[in-house]
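A quick write-up on the structure given underneath.
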Amino acid sequence: MEVKEPKRKFPLIGIISGMISVASHGLKKPITVQYPEQKPYTPERFRFRISLKLDDCVGCTLCEQVCPNGSIKMESLNRENPRNKRKIYPDVNFGTCTVCRNCEEICPTTAIYLTHEFETSRTRNSFLYSPTELTMKEEDVKK
Ligand code: SF4
Ligand code: SF4
């Protein structure tokens, strides 16, 4: 038995609605950003690269203990700081850091904290930041 297709009242309606949809998208502002010449928008609460205030670190090792994957290790650093008698400060392996913010939340002096910086690409084969490098801006860290 032959099956007849139902007759459509407006045979071009599908094509026209498709063209309208394409045209409406064509008129929208593009969301692609020409990075790195243009910087993408980062929300106010976005956090990524970790920083450290050496003068505020008391060497309590809480950040090292709370880090879930061992990305933080304490390092000796010979600098005068009456608040840090053991002279130990955290370094961070950003290659394994999951940006969980545990270290920031547990730090009793807010010495370690996450920043807006996200451009951490580099040529050296290590994402380990020494305590001194954690105090620097990303562009000043040796790549
Ligand atoms: S953000 Fe999380 S994973 Fe990264 S160093 Fe801190 S505690 Fe460790
Ligand atoms: S950064 Fe904060 S939590 Fe880590 S050792 Fe220093 S004071 Fe303690």
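Lettering and numbering for the structure tokens are positional, with chains as A, B, ... in the shown order, residues counted from 1 in each chain, and ligands counted from 1 in the shown order.
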
Residues of chain A that approach ligand 2 to 8 Å or less, counting only C-alpha atoms and all ligand atoms: could you list each one with the shortest pair of atoms and its distance in Å to one decimal, rows by chain and increasing residue number, as a tab-separated table?
residue	atom	partner	partner_atom_place_in_ligand_line	distance
A:Leu52	CA	ligand 2	1 (S)	6.7
A:Lys53	CA	ligand 2	1 (S)	7.8
A:Leu54	CA	ligand 2	6 (Fe)	7.8
A:Asp56	CA	ligand 2	7 (S)	6.6
A:Cys57	CA	ligand 2	6 (Fe)	3.7
A:Val58	CA	ligand 2	7 (S)	4.4
A:Gly59	CA	ligand 2	5 (S)	3.8
A:Cys60	CA	ligand 2	8 (Fe)	3.9
A:Thr61	CA	ligand 2	5 (S)	4.0
A:Leu62	CA	ligand 2	3 (S)	4.4
A:Cys63	CA	ligand 2	3 (S)	4.2
A:Glu64	CA	ligand 2	4 (Fe)	6.5
A:Met74	CA	ligand 2	5 (S)	7.5
A:Ile88	CA	ligand 2	5 (S)	7.4
A:Tyr89	CA	ligand 2	5 (S)	5.8
A:Pro90	CA	ligand 2	5 (S)	6.0
A:Cys103	CA	ligand 2	3 (S)	6.4
A:Glu104	CA	ligand 2	3 (S)	7.5
A:Ile106	CA	ligand 2	3 (S)	6.1
A:Cys107	CA	ligand 2	3 (S)	3.7
A:Pro108	CA	ligand 2	2 (Fe)	5.9
A:Thr109	CA	ligand 2	7 (S)	5.6
A:Thr110	CA	ligand 2	2 (Fe)	6.1
A:Ala111	CA	ligand 2	1 (S)	4.9
A:Ile112	CA	ligand 2	1 (S)	4.6

| message | Which residues are near ligand 1 in this structure, taking near to mean any atom at most 8 Å from a ligand atom and counting only C-alpha atoms and all ligand atoms? Format them as a PyMOL selection string. | response | chain A and resi 50+63-64+66-72+92-94+96-104+114

Range 82-119 of chain A near range 34-43 of chain A within 10 Å: what's each residue's closest atom pair and its distance in Å to one decimal, counting only C-alpha atoms, ordered by chain then ascending residue number, as CSV?
residue,atom,partner,partner_atom,distance
A:His116,CA,A:Thr42,CA,8.0
A:Glu117,CA,A:Thr42,CA,9.7
A:Phe118,CA,A:Thr42,CA,9.5
A:Glu119,CA,A:Pro36,CA,9.6

Put those residues in a file: N, CA and C atoms, as a PDB file, in the first residue's frame.
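Done, and the output landed in part_18.pdb:
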ATOM      1  N   HIS A 116      43.903  36.362  40.850  1.00  0.00           N
ATOM      2  CA  HIS A 116      43.232  36.376  39.545  1.00  0.00           C
ATOM      3  C   HIS A 116      44.122  35.868  38.421  1.00  0.00           C
ATOM      4  N   GLU A 117      45.432  35.787  38.670  1.00  0.00           N
ATOM      5  CA  GLU A 117      46.357  35.473  37.579  1.00  0.00           C
ATOM      6  C   GLU A 117      46.121  34.068  37.036  1.00  0.00           C
ATOM      7  N   PHE A 118      46.076  33.953  35.712  1.00  0.00           N
ATOM      8  CA  PHE A 118      45.842  32.630  35.129  1.00  0.00           C
ATOM      9  C   PHE A 118      46.845  32.298  34.020  1.00  0.00           C
ATOM     10  N   GLU A 119      47.687  33.262  33.628  1.00  0.00           N
ATOM     11  CA  GLU A 119      48.599  33.026  32.502  1.00  0.00           C
ATOM     12  C   GLU A 119      49.899  32.422  33.023  1.00  0.00           C
TER      13      GLU A 119
END

| query | Which distance in Å separates CA of Pro82 in chain A and CA of Thr115 in chain A, to one decimal? | reply |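 Taking CA of Pro82 in chain A as the start and CA of Thr115 in chain A as the end point, the length is 26.1 Å.
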